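Peer 1: upload_29.pdb is the file, holding PDB, C-alpha atoms:
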ATOM      1  CA  MET A   1     -14.832  18.817  29.318
ATOM      2  CA  LYS A   2     -13.391  20.336  26.163
ATOM      3  CA  LYS A   3     -13.258  16.897  24.556
ATOM      4  CA  VAL A   4     -16.952  16.381  25.246
ATOM      5  CA  ILE A   5     -17.798  19.749  23.722
ATOM      6  CA  TYR A   6     -15.604  19.125  20.684
ATOM      7  CA  LEU A   7     -17.081  15.682  20.079
ATOM      8  CA  PHE A   8     -20.616  17.000  20.322
ATOM      9  CA  LEU A   9     -19.966  19.867  17.954
ATOM     10  CA  SER A  10     -18.306  17.534  15.474
ATOM     11  CA  LEU A  11     -21.445  15.414  15.393
ATOM     12  CA  ILE A  12     -23.876  18.340  15.265
ATOM     13  CA  ILE A  13     -22.046  20.858  13.122
ATOM     14  CA  MET A  14     -19.917  18.464  11.015
ATOM     15  CA  PHE A  15     -18.037  21.373   9.523
ATOM     16  CA  PRO A  16     -14.225  21.462   9.125
ATOM     17  CA  ILE A  17     -12.770  24.579  10.626
ATOM     18  CA  PHE A  18     -12.349  27.420   8.152
ATOM     19  CA  HIS A  19     -13.681  25.423   5.212
ATOM     20  CA  VAL A  20     -15.466  28.058   3.132
ATOM     21  CA  ALA A  21     -18.342  25.968   1.850
ATOM     22  CA  ALA A  22     -20.887  27.101  -0.688
ATOM     23  CA  ALA A  23     -23.751  25.625   1.315
ATOM     24  CA  PRO A  24     -24.828  27.314   4.571
ATOM     25  CA  GLU A  25     -24.482  25.618   7.961
ATOM     26  CA  GLN A  26     -27.327  23.363   9.097
ATOM     27  CA  GLY A  27     -28.257  21.940  12.453
ATOM     28  CA  ALA A  28     -31.123  21.833  14.967
ATOM     29  CA  GLY A  29     -33.447  22.105  11.982
ATOM     30  CA  LEU A  30     -32.020  25.534  11.094
ATOM     31  CA  THR A  31     -29.896  26.894   8.263
ATOM     32  CA  ILE A  32     -27.215  29.464   9.144
ATOM     33  CA  SER A  33     -25.460  31.805   6.723
ATOM     34  CA  PRO A  34     -22.630  32.621   6.525
ATOM     35  CA  PRO A  35     -20.977  29.659   8.252
ATOM     36  CA  ILE A  36     -17.773  31.710   8.573
ATOM     37  CA  SER A  37     -17.204  35.458   8.843
ATOM     38  CA  GLU A  38     -13.789  37.103   8.455
ATOM     39  CA  ILE A  39     -13.843  40.554  10.056
ATOM     40  CA  LYS A  40     -11.210  43.299  10.224
ATOM     41  CA  LEU A  41     -11.308  45.035  13.617
ATOM     42  CA  ASP A  42      -9.802  48.202  15.094
ATOM     43  CA  PRO A  43      -9.220  48.732  18.830
ATOM     44  CA  GLY A  44     -11.883  50.884  20.513
ATOM     45  CA  LYS A  45     -14.472  50.501  17.722
ATOM     46  CA  SER A  46     -17.846  48.752  17.528
ATOM     47  CA  TYR A  47     -19.195  46.607  14.714
ATOM     48  CA  GLN A  48     -22.701  45.452  13.826
ATOM     49  CA  GLU A  49     -22.771  42.049  12.166
ATOM     50  CA  THR A  50     -25.588  39.927  10.777
ATOM     51  CA  ILE A  51     -26.331  36.207  10.587
ATOM     52  CA  ARG A  52     -29.216  34.894   8.504
ATOM     53  CA  ILE A  53     -31.240  32.147  10.194
ATOM     54  CA  ASN A  54     -33.732  30.038   8.277
ATOM     55  CA  ASN A  55     -36.227  27.569   9.688
ATOM     56  CA  PRO A  56     -37.029  25.178   6.810
ATOM     57  CA  THR A  57     -39.178  22.920   9.023
ATOM     58  CA  LYS A  58     -42.928  22.901   9.599
ATOM     59  CA  ASP A  59     -42.459  23.481  13.338
ATOM     60  CA  LEU A  60     -41.969  26.465  15.587
ATOM     61  CA  VAL A  61     -38.295  26.541  16.622
ATOM     62  CA  THR A  62     -36.952  28.517  19.572
ATOM     63  CA  VAL A  63     -33.191  29.012  19.959
ATOM     64  CA  TYR A  64     -30.915  30.934  22.324
ATOM     65  CA  PRO A  65     -27.802  32.781  21.072
ATOM     66  CA  VAL A  66     -24.516  32.081  22.842
ATOM     67  CA  ALA A  67     -20.980  33.387  22.153
ATOM     68  CA  ARG A  68     -18.012  31.110  22.836
ATOM     69  CA  ASN A  69     -14.322  31.248  21.946
ATOM     70  CA  PHE A  70     -12.909  28.405  19.920
ATOM     71  CA  THR A  71      -9.474  26.974  19.180
ATOM     72  CA  SER A  72      -8.127  24.333  16.846
ATOM     73  CA  SER A  73      -8.438  20.815  18.230
ATOM     74  CA  GLY A  74      -5.536  18.575  17.275
ATOM     75  CA  GLU A  75      -4.163  18.806  13.736
ATOM     76  CA  THR A  76      -7.276  17.947  11.756
ATOM     77  CA  GLY A  77      -8.626  21.501  11.560
ATOM     78  CA  ARG A  78     -11.835  21.009  13.530
ATOM     79  CA  PRO A  79     -13.011  23.574  16.093
ATOM     80  CA  ALA A  80     -12.962  23.017  19.835
ATOM     81  CA  ILE A  81     -15.386  25.295  21.674
ATOM     82  CA  GLU A  82     -13.916  26.667  24.891
ATOM     83  CA  SER A  83     -15.694  27.051  28.198
ATOM     84  CA  PRO A  84     -15.952  30.516  29.809
ATOM     85  CA  GLY A  85     -12.916  31.364  31.887
ATOM     86  CA  GLU A  86     -10.438  29.393  29.783
ATOM     87  CA  ASP A  87      -7.410  31.066  28.250
ATOM     88  CA  ALA A  88      -8.810  33.690  25.864
ATOM     89  CA  THR A  89      -5.558  35.071  24.425
ATOM     90  CA  PHE A  90      -6.966  34.749  20.927
ATOM     91  CA  GLY A  91     -10.656  34.902  21.876
ATOM     92  CA  LEU A  92     -13.297  37.551  21.224
ATOM     93  CA  ALA A  93     -16.447  36.009  22.722
ATOM     94  CA  SER A  94     -16.404  38.523  25.575
ATOM     95  CA  TRP A  95     -16.608  41.343  22.994
ATOM     96  CA  ILE A  96     -19.884  40.008  21.544
ATOM     97  CA  SER A  97     -23.310  41.094  22.778
ATOM     98  CA  PHE A  98     -26.878  40.285  21.661
ATOM     99  CA  SER A  99     -29.991  42.431  21.636
ATOM    100  CA  GLN A 100     -32.138  39.273  21.911
ATOM    101  CA  THR A 101     -31.731  36.454  24.381
ATOM    102  CA  GLN A 102     -34.050  34.105  22.511
ATOM    103  CA  ILE A 103     -35.398  33.790  18.992
ATOM    104  CA  ALA A 104     -38.617  32.101  17.925
ATOM    105  CA  LEU A 105     -38.885  31.171  14.267
ATOM    106  CA  THR A 106     -42.181  30.198  12.759
ATOM    107  CA  PRO A 107     -42.302  27.418  10.121
ATOM    108  CA  GLU A 108     -40.285  28.283   6.995
ATOM    109  CA  GLN A 109     -39.363  31.695   8.395
ATOM    110  CA  GLU A 110     -36.031  33.404   7.665
ATOM    111  CA  ILE A 111     -34.713  36.303   9.735
ATOM    112  CA  GLU A 112     -31.601  38.432  10.073
ATOM    113  CA  PHE A 113     -30.069  38.158  13.512
ATOM    114  CA  ASN A 114     -27.858  41.078  14.525
ATOM    115  CA  TYR A 115     -25.049  40.974  17.036
ATOM    116  CA  LYS A 116     -22.503  43.544  18.156
ATOM    117  CA  ILE A 117     -18.739  43.380  18.593
ATOM    118  CA  ASP A 118     -17.182  45.983  20.912
ATOM    119  CA  VAL A 119     -13.399  45.861  20.536
ATOM    120  CA  PRO A 120     -11.516  47.001  23.669
ATOM    121  CA  THR A 121      -9.084  49.887  23.261
ATOM    122  CA  ASP A 122      -6.274  47.666  24.550
ATOM    123  CA  ALA A 123      -7.117  44.664  22.356
ATOM    124  CA  GLU A 124      -4.063  42.672  21.335
ATOM    125  CA  PRO A 125      -3.252  42.947  17.623
ATOM    126  CA  GLY A 126      -3.675  39.791  15.587
ATOM    127  CA  GLY A 127      -6.250  37.046  15.328
ATOM    128  CA  HIS A 128      -9.224  36.649  17.669
ATOM    129  CA  TYR A 129     -11.757  33.864  17.271
ATOM    130  CA  ALA A 130     -15.257  33.086  18.483
ATOM    131  CA  SER A 131     -18.459  31.368  17.442
ATOM    132  CA  VAL A 132     -22.043  32.550  17.664
ATOM    133  CA  LEU A 133     -24.069  29.467  18.542
ATOM    134  CA  PHE A 134     -27.821  28.957  18.622
ATOM    135  CA  ALA A 135     -28.771  26.439  21.300
ATOM    136  CA  SER A 136     -32.108  24.711  21.766
ATOM    137  CA  GLN A 137     -31.891  25.274  25.531
ATOM    138  CA  PRO A 138     -31.021  28.478  27.382
ATOM    139  CA  PRO A 139     -27.546  28.357  28.989
ATOM    140  CA  LYS A 140     -27.350  29.233  32.656
ATOM    141  CA  PRO A 141     -24.905  32.074  33.362
ATOM    142  CA  ASP A 142     -23.278  30.215  36.268
ATOM    143  CA  GLU A 143     -22.620  27.062  34.262
ATOM    144  CA  LYS A 144     -19.903  26.267  31.770
ATOM    145  CA  SER A 145     -20.283  25.311  28.139
ATOM    146  CA  THR A 146     -21.330  21.776  29.029
ATOM    147  CA  GLN A 147     -24.851  23.115  29.447
ATOM    148  CA  VAL A 148     -24.738  24.374  25.865
ATOM    149  CA  ALA A 149     -23.077  21.213  24.605
ATOM    150  CA  LEU A 150     -25.927  19.093  25.945
ATOM    151  CA  ALA A 151     -28.338  20.967  23.725
ATOM    152  CA  SER A 152     -28.559  20.662  19.968
ATOM    153  CA  MET A 153     -27.011  23.735  18.361
ATOM    154  CA  VAL A 154     -25.751  25.265  15.162
ATOM    155  CA  GLY A 155     -23.420  28.221  14.762
ATOM    156  CA  SER A 156     -21.243  30.529  12.735
ATOM    157  CA  LEU A 157     -17.493  30.929  13.190
ATOM    158  CA  ILE A 158     -15.961  34.391  13.449
ATOM    159  CA  LEU A 159     -12.362  35.025  12.392
ATOM    160  CA  GLY A 160     -11.443  38.493  13.604
ATOM    161  CA  THR A 161      -8.181  40.337  12.943
ATOM    162  CA  VAL A 162      -7.346  43.307  15.167
ATOM    163  CA  SER A 163      -5.161  45.880  13.441
ATOM    164  CA  GLY A 164      -1.704  46.685  14.769
ATOM    165  CA  ASN A 165       1.478  44.658  14.964
ATOM    166  CA  ILE A 166       0.362  41.718  12.819
ATOM    167  CA  ILE A 167       2.878  38.866  12.760
ATOM    168  CA  GLU A 168       2.481  36.373   9.933
ATOM    169  CA  LYS A 169       4.902  33.558  10.484
ATOM    170  CA  GLY A 170       4.742  29.874   9.645
ATOM    171  CA  GLU A 171       7.029  26.912   9.139
ATOM    172  CA  VAL A 172       6.933  23.439   7.651
ATOM    173  CA  THR A 173       7.394  20.979  10.509
ATOM    174  CA  GLU A 174       7.140  17.850   8.363
ATOM    175  CA  PHE A 175       7.144  17.145   4.647
ATOM    176  CA  SER A 176       7.835  13.528   3.765
ATOM    177  CA  SER A 177       6.499  10.309   2.282
ATOM    178  CA  ASN A 178       5.519   7.153   4.137
ATOM    179  CA  GLY A 179       8.735   5.422   3.073
ATOM    180  CA  HIS A 180      11.763   5.651   0.782
ATOM    181  CA  ILE A 181      11.417   2.640  -1.538
ATOM    182  CA  PHE A 182       8.069   1.433  -2.873
ATOM    183  CA  LEU A 183       7.073  -1.614  -4.909
ATOM    184  CA  LYS A 184       4.125   0.235  -6.456
ATOM    185  CA  SER A 185       2.175   3.492  -6.361
ATOM    186  CA  PRO A 186       0.343   5.330  -4.854
ATOM    187  CA  VAL A 187       2.731   7.015  -2.427
ATOM    188  CA  ASP A 188       1.263   9.024   0.464
ATOM    189  CA  PHE A 189       2.729  12.369   1.558
ATOM    190  CA  THR A 190       2.644  14.020   4.976
ATOM    191  CA  LEU A 191       2.539  17.823   5.224
ATOM    192  CA  ARG A 192       2.354  19.589   8.586
ATOM    193  CA  ILE A 193       2.554  23.372   8.925
ATOM    194  CA  ARG A 194       2.893  25.334  12.171
ATOM    195  CA  ASN A 195       1.605  28.874  12.719
ATOM    196  CA  THR A 196       4.047  30.712  14.993
ATOM    197  CA  GLY A 197       2.585  34.166  14.383
ATOM    198  CA  ASN A 198      -0.366  35.961  15.961
ATOM    199  CA  VAL A 199      -2.922  35.726  13.137
ATOM    200  CA  HIS A 200      -4.465  32.903  11.122
ATOM    201  CA  PHE A 201      -3.348  32.244   7.565
ATOM    202  CA  SER A 202      -4.331  29.998   4.670
ATOM    203  CA  PRO A 203      -1.348  28.410   2.875
ATOM    204  CA  GLN A 204      -1.716  28.071  -0.873
ATOM    205  CA  GLY A 205       0.602  26.267  -3.250
ATOM    206  CA  GLN A 206       1.520  23.044  -4.965
ATOM    207  CA  ILE A 207       3.429  19.833  -4.542
ATOM    208  CA  THR A 208       5.335  19.006  -7.730
ATOM    209  CA  VAL A 209       6.605  15.486  -8.455
ATOM    210  CA  SER A 210       9.218  14.983 -11.174
ATOM    211  CA  SER A 211      11.010  11.945 -12.576
ATOM    212  CA  TRP A 212      13.381  11.345 -15.481
ATOM    213  CA  GLY A 213      13.636  15.115 -15.935
ATOM    214  CA  LYS A 214       9.880  15.606 -16.406
ATOM    215  CA  THR A 215       7.044  16.801 -14.166
ATOM    216  CA  VAL A 216       4.667  13.901 -13.597
ATOM    217  CA  SER A 217       2.313  15.388 -10.998
ATOM    218  CA  ASN A 218       1.059  18.721  -9.603
ATOM    219  CA  GLU A 219      -1.213  18.781  -6.557
ATOM    220  CA  ASP A 220      -2.918  21.634  -4.697
ATOM    221  CA  ILE A 221      -1.985  21.426  -1.009
ATOM    222  CA  ASN A 222      -5.060  23.242   0.294
ATOM    223  CA  PRO A 223      -8.011  23.146  -2.124
ATOM    224  CA  ALA A 224     -10.477  23.793   0.734
ATOM    225  CA  LYS A 225      -8.555  26.988   1.650
ATOM    226  CA  GLY A 226      -8.331  25.913   5.289
ATOM    227  CA  ASN A 227      -6.720  28.316   7.757
ATOM    228  CA  ILE A 228      -4.222  27.629  10.525
ATOM    229  CA  LEU A 229      -4.796  29.298  13.912
ATOM    230  CA  PRO A 230      -1.927  30.905  15.843
ATOM    231  CA  ASN A 231       0.058  28.528  18.070
ATOM    232  CA  SER A 232      -1.252  25.467  16.257
ATOM    233  CA  ILE A 233      -0.202  22.880  13.685
ATOM    234  CA  ARG A 234      -2.387  21.684  10.839
ATOM    235  CA  ARG A 235      -1.889  18.449   8.948
ATOM    236  CA  PHE A 236      -3.006  18.437   5.326
ATOM    237  CA  ASP A 237      -4.367  15.025   4.414
ATOM    238  CA  GLY A 238      -5.037  13.318   1.118
ATOM    239  CA  LEU A 239      -1.746  14.352  -0.487
ATOM    240  CA  GLY A 240       0.394  11.964  -2.502
ATOM    241  CA  TYR A 241       1.519  10.635  -5.854
ATOM    242  CA  LYS A 242      -1.028   8.369  -7.547
ATOM    243  CA  GLY A 243       1.306   7.220 -10.306
ATOM    244  CA  LYS A 244       0.788   4.635 -13.045
ATOM    245  CA  TRP A 245       1.231   0.891 -13.136
ATOM    246  CA  TYR A 246       4.457   1.397 -15.078
ATOM    247  CA  SER A 247       5.879   4.110 -12.771
ATOM    248  CA  PHE A 248       9.456   3.360 -11.741
ATOM    249  CA  GLY A 249      12.676   5.167 -10.905
ATOM    250  CA  LYS A 250      13.623   8.036  -8.624
ATOM    251  CA  PHE A 251      10.987  10.693  -7.909
ATOM    252  CA  ASN A 252      11.779  14.191  -6.613
ATOM    253  CA  VAL A 253       9.079  15.968  -4.627
ATOM    254  CA  LYS A 254       9.056  19.749  -4.133
ATOM    255  CA  LEU A 255       6.755  21.962  -2.064
ATOM    256  CA  THR A 256       6.220  25.536  -3.259
ATOM    257  CA  ALA A 257       3.660  27.447  -1.202
ATOM    258  CA  SER A 258       2.925  30.894   0.184
ATOM    259  CA  TYR A 259       0.761  32.556   2.827
ATOM    260  CA  GLY A 260      -0.078  36.034   4.064
ATOM    261  CA  GLU A 261       1.787  38.879   2.428
ATOM    262  CA  ASN A 262       4.192  37.018   0.145
ATOM    263  CA  GLN A 263       5.536  34.671   2.824
ATOM    264  CA  SER A 264       6.891  31.400   1.440
ATOM    265  CA  LEU A 265       6.939  27.775   2.530
ATOM    266  CA  THR A 266       9.246  25.238   0.875
ATOM    267  CA  GLY A 267      10.358  21.654   1.277
ATOM    268  CA  SER A 268      11.663  18.699  -0.714
ATOM    269  CA  PHE A 269      12.424  14.969  -0.535
ATOM    270  CA  SER A 270      12.896  11.965  -2.843
ATOM    271  CA  PHE A 271      11.644   8.409  -3.063
ATOM    272  CA  TRP A 272      12.068   5.389  -5.346
ATOM    273  CA  ILE A 273       9.494   3.165  -7.006
ATOM    274  CA  ILE A 274      10.872  -0.233  -8.001
ATOM    275  CA  PRO A 275       7.752  -2.192  -9.040
ATOM    276  CA  TRP A 276       7.284  -5.936  -8.856
ATOM    277  CA  TRP A 277       7.112  -6.289 -12.633
ATOM    278  CA  LEU A 278      10.515  -4.631 -12.986
ATOM    279  CA  ILE A 279      11.999  -6.813 -10.250
ATOM    280  CA  SER A 280      10.517  -9.877 -11.973
ATOM    281  CA  ILE A 281      12.023  -8.885 -15.332
ATOM    282  CA  ILE A 282      15.448  -8.319 -13.739
ATOM    283  CA  VAL A 283      15.303 -11.687 -11.945
ATOM    284  CA  ILE A 284      14.288 -13.475 -15.169
ATOM    285  CA  LEU A 285      17.085 -11.786 -17.132
ATOM    286  CA  ILE A 286      19.659 -12.708 -14.513
ATOM    287  CA  ALA A 287      18.394 -16.291 -14.507
ATOM    288  CA  LEU A 288      18.614 -16.452 -18.315
ATOM    289  CA  ILE A 289      22.141 -15.035 -18.309
ATOM    290  CA  ILE A 290      23.279 -17.566 -15.702
ATOM    291  CA  PHE A 291      21.606 -20.381 -17.645
ATOM    292  CA  TYR A 292      23.296 -19.254 -20.892
ATOM    293  CA  ILE A 293      26.739 -19.048 -19.238
ATOM    294  CA  VAL A 294      26.408 -22.460 -17.627
ATOM    295  CA  LYS A 295      25.150 -24.016 -20.865
ATOM    296  CA  ASN A 296      28.036 -22.582 -22.906
ATOM    297  CA  ARG A 297      30.605 -23.769 -20.394
ATOM    298  CA  LYS A 298      29.285 -27.312 -20.642
ATOM    299  CA  LYS A 299      29.211 -27.116 -24.429
ATOM    300  CA  ASN A 300      32.829 -25.959 -24.727
ATOM    301  CA  LYS A 301      34.206 -28.449 -22.205
ATOM    302  CA  PRO A 302      35.981 -31.329 -24.098
ATOM    303  CA  SER A 303      34.484 -34.772 -23.790
ATOM    304  CA  PRO A 304      36.625 -37.427 -22.025
ATOM    305  CA  ARG A 305      36.454 -39.826 -25.053
ATOM    306  CA  HIS A 306      38.182 -37.299 -27.294
ATOM    307  CA  VAL A 307      41.155 -36.957 -25.034
ATOM    308  CA  LEU A 308      44.233 -38.598 -26.572
ATOM    309  CA  PRO A 309      45.977 -41.127 -24.341
ATOM    310  CA  GLN A 310      49.219 -39.871 -23.000
ATOM    311  CA  LYS A 311      52.370 -41.895 -23.570
ATOM    312  CA  PRO A 312      54.061 -43.063 -20.440
ATOM    313  CA  PRO A 313      57.331 -41.263 -19.839
ATOM    314  CA  GLN A 314      60.353 -43.089 -21.260
ATOM    315  CA  LYS A 315      63.017 -44.154 -18.849
ATOM    316  CA  LYS A 316      66.454 -42.878 -19.556
ATOM    317  CA  LYS A 317      69.325 -45.355 -19.465
ATOM    318  CA  ILE A 318      72.293 -44.406 -17.386
ATOM    319  CA  ILE A 319      75.603 -45.915 -18.564
ATOM    320  CA  LEU A 320      78.280 -46.227 -15.930
ATOM    321  CA  GLN A 321      81.790 -46.084 -17.185
TER     322      GLN A 321
END
For the file at hand, write its structure as structure tokens.

Peer 2:
Amino acid sequence: MKKVIYLFLSLIIMFPIFHVAAAPEQGAGLTISPPISEIKLDPGKSYQETIRINNPTKDLVTVYPVARNFTSSGETGRPAIESPGEDATFGLASWISFSQTQIALTPEQEIEFNYKIDVPTDAEPGGHYASVLFASQPPKPDEKSTQVALASMVGSLILGTVSGNIIEKGEVTEFSSNGHIFLKSPVDFTLRIRNTGNVHFSPQGQITVSSWGKTVSNEDINPAKGNILPNSIRRFDGLGYKGKWYSFGKFNVKLTASYGENQSLTGSFSFWIIPWWLISIIVILIALIIFYIVKNRKKNKPSPRHVLPQKPPQKKKIILQ
């Protein structure tokens, strides 16, 4: 069921989790802003939040607000909307309430939609995550999220942090290249980071590549400022060393990154680039050296016609007395 919901949302929302985009979210003919809200929460307090909804079409559009928890699906950083009743350790959908159960927007109308977050007094410190979705069909209270998933919808993600014992902790689970010896560039890198704390974080830093004592490349590991949810791993794609056609030798790769309150992430590895043109030059040089040696040996070897004939050994006479 979760896979169906995730697939549908990926097609409708098409928005990488935690990617702070400049453009507002669009779907079901509506424009939603902001696509992501980061909210600091205190146990026992209530918060009024606002989402702007715009209907840019020429039609009357009616939508129904729904709150659902979400988690990270796989390692790509896309959201997976959870059904009611699933594990809500890091959820906050049950804290959200609406003053309106349906919204009708006239053509080209923009409104401010208000919702309320009531934080329980015993709320666990750390990250809590939900989405406010606007479905084209009203969900039935006795049905799971499949009912919502079957309807076209658009939504805003909420990243809440409840004050208290906040644990920011992460680790690099993999930092490597797709091989050790390459015949040419580019060389692809793999970076996977696990969040073992209780709150989301956004790692920031660089991958530095050096060779022959000089820095040849610097690359931002997270230009989209994507976050990593607690108890999840995120893989950062598109990293690597592009190089030049003449790149060769040993390359040292170093990761220097940080997250949260001055927490650090490090890693390193090496690889070699031995290009075809260099191999060809080496082979040609070796062939020329062998040819030169063989040619000189033949040149210095004496010809048989210049060899002086050897005198036969003289027989010694033995005189018997």

Peer 1: Could you name the residues that touch Asp118 in chain A at 7 Å or less, counting only C-alpha atoms, but leaving out those on the same chain fewer than 5 positions away, as an MDAnalysis selection string?

Peer 2: chainID A and resid 45:47 95:96

Peer 1: I need the residue nearest Leu92 in chain A from this list: A:Phe269, A:Tyr64, A:Phe251, A:Tyr129. Use all atoms listed in the file for the distance.

Peer 2: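 Ranking A:Phe269, A:Tyr64, A:Phe251, A:Tyr129 by distance to Leu92 in chain A, first place goes to A:Tyr129.
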
Peer 1: Taking all atoms listed in the file into account, which of A:Leu285, A:Ile158, A:Val294, A:Leu30 comes nearest Pro79 in chain A?

Peer 2: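 That would be A:Ile158, the residue with the smallest distance to Pro79 in chain A.
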
Peer 1: Using all atoms listed in the file, can you tell me which of A:Thr173, A:Thr76, A:Ser211, A:Gln137 comes closest to Asp237 in chain A?

Peer 2: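 Looking at the shortest contact to Asp237 in chain A, the residue is A:Thr76.
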
Peer 1: Residues within 8 Å of Ala130 in chain A, please, as a ChimeraX atom specification. Count all atoms listed in the file; anything in the same chain fewer than 4 positions from it doesn't count.

Peer 2: /A:67-70,91-93,157-159

Peer 1: Please produce an output containing C-alpha atoms for each residue in the selection, written as a CSV table (one decimal), keeping the file's coordinate frame.

Peer 2:
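Full text of result.csv as output:
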chain,number,residue,atom,x,y,z
A,67,ALA,CA,-21.0,33.4,22.2
A,68,ARG,CA,-18.0,31.1,22.8
A,69,ASN,CA,-14.3,31.2,21.9
A,70,PHE,CA,-12.9,28.4,19.9
A,91,GLY,CA,-10.7,34.9,21.9
A,92,LEU,CA,-13.3,37.6,21.2
A,93,ALA,CA,-16.4,36.0,22.7
A,157,LEU,CA,-17.5,30.9,13.2
A,158,ILE,CA,-16.0,34.4,13.4
A,159,LEU,CA,-12.4,35.0,12.4

Peer 1: Box in all listed atoms of range 271-279 of chain A, axis-aligned, with 8 Å more on each side; write out centre and edge lengths in Å to one decimal as AutoDock Vina command-line options.

Peer 2:
--center_x 9.6 --center_y 0.8 --center_z -8.0 --size_x 21.0 --size_y 31.2 --size_z 25.9

Peer 1: Can you work out which one of A:Thr89, A:Thr31, A:Ser177, A:Asn165 has the shortest atom-to-atom distance to Gln109 in chain A, counting all atoms listed in the file?

Peer 2: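 Among A:Thr89, A:Thr31, A:Ser177, A:Asn165, it is A:Thr31 that comes nearest to Gln109 in chain A.
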
Peer 1: Name the closest residue to Arg52 in chain A among the candidates A:Glu110, A:Glu168, A:Glu38, A:Glu82; distances are taken between atoms, counting all atoms listed in the file.

Peer 2: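 Using all atoms listed in the file, the shortest distance to Arg52 in chain A belongs to A:Glu110.
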
Peer 1: Identify the residues within 7 Å of coordinate (-31.9, 43.0, 16.1) (same frame as the file), considering all atoms listed in the file, and give the answer as a list in words.

Peer 2: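 Residues with an atom at most 7 Å from (-31.9, 43.0, 16.1): Ser99, Gln100, Phe113 and Asn114 of chain A.
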
Peer 1: Residues picked by the PyMOL selection byres ((chain A and resi 58) around 6) here, as an MDAnalysis selection string?

Peer 2: chainID A and resid 57 59 107

Peer 1: Report, in Å to a single decimal, how far apart CA of Gln206 in chain A and CA of Ser37 in chain A are.

Peer 2: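 For CA of Ser37 in chain A relative to CA of Gln206 in chain A, the distance reads 26.4 Å.
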
Peer 1: Can you work out which one of A:Glu49, A:Glu75, A:Glu112, A:Glu171 has the shortest atom-to-atom distance to Phe201 in chain A, counting all atoms listed in the file?

Peer 2: A:Glu171

Peer 1: Identify, on the basis of all atoms listed in the file, every residue whose closest approach to range 214-225 of chain A does not exceed 10 Å; exclude the query and any residue fewer than 5 positions from it along the same chain; express the result as a ChimeraX atom specification.

Peer 2: /A:16,18-21,191,201-209,236-243,247,251-257

Peer 1: Quick one: residues within 6 Å of (-21.7, 39.9, 21.2) (file frame), counting all atoms listed in the file, please, as a list in words.

Peer 2: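 Residues found, by chain and rising number: Trp95, Ile96, Ser97, Phe98, Tyr115, Lys116 and Ile117 of chain A.
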
Peer 1: So how far away is CA of Ile281 in chain A from CA of Lys295 in chain A, in Å?

Peer 2: 20.8 Å

Peer 1: Just how far from CA of Pro138 in chain A is CA of Ile103 in chain A, in Å to one decimal?

Peer 2: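 Value for the CA of Ile103 in chain A-CA of Pro138 in chain A distance: 10.9 Å.
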
Peer 1: Applying 6 Å and all atoms listed in the file, which residues near Phe271 in chain A remain after dropping the ones on its own chain fewer than 3 positions away? List them as a list in words.

Peer 2: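 The residues satisfying every condition are His180, Ile181, Lys250 and Phe251 of chain A.
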
Peer 1: Please write as a PyMOL selection string the full residue list that the PyMOL selection byres ((chain A and resi 40) around 9) yields on this file.

Peer 2: chain A and resi 38-39+41-42+159-163
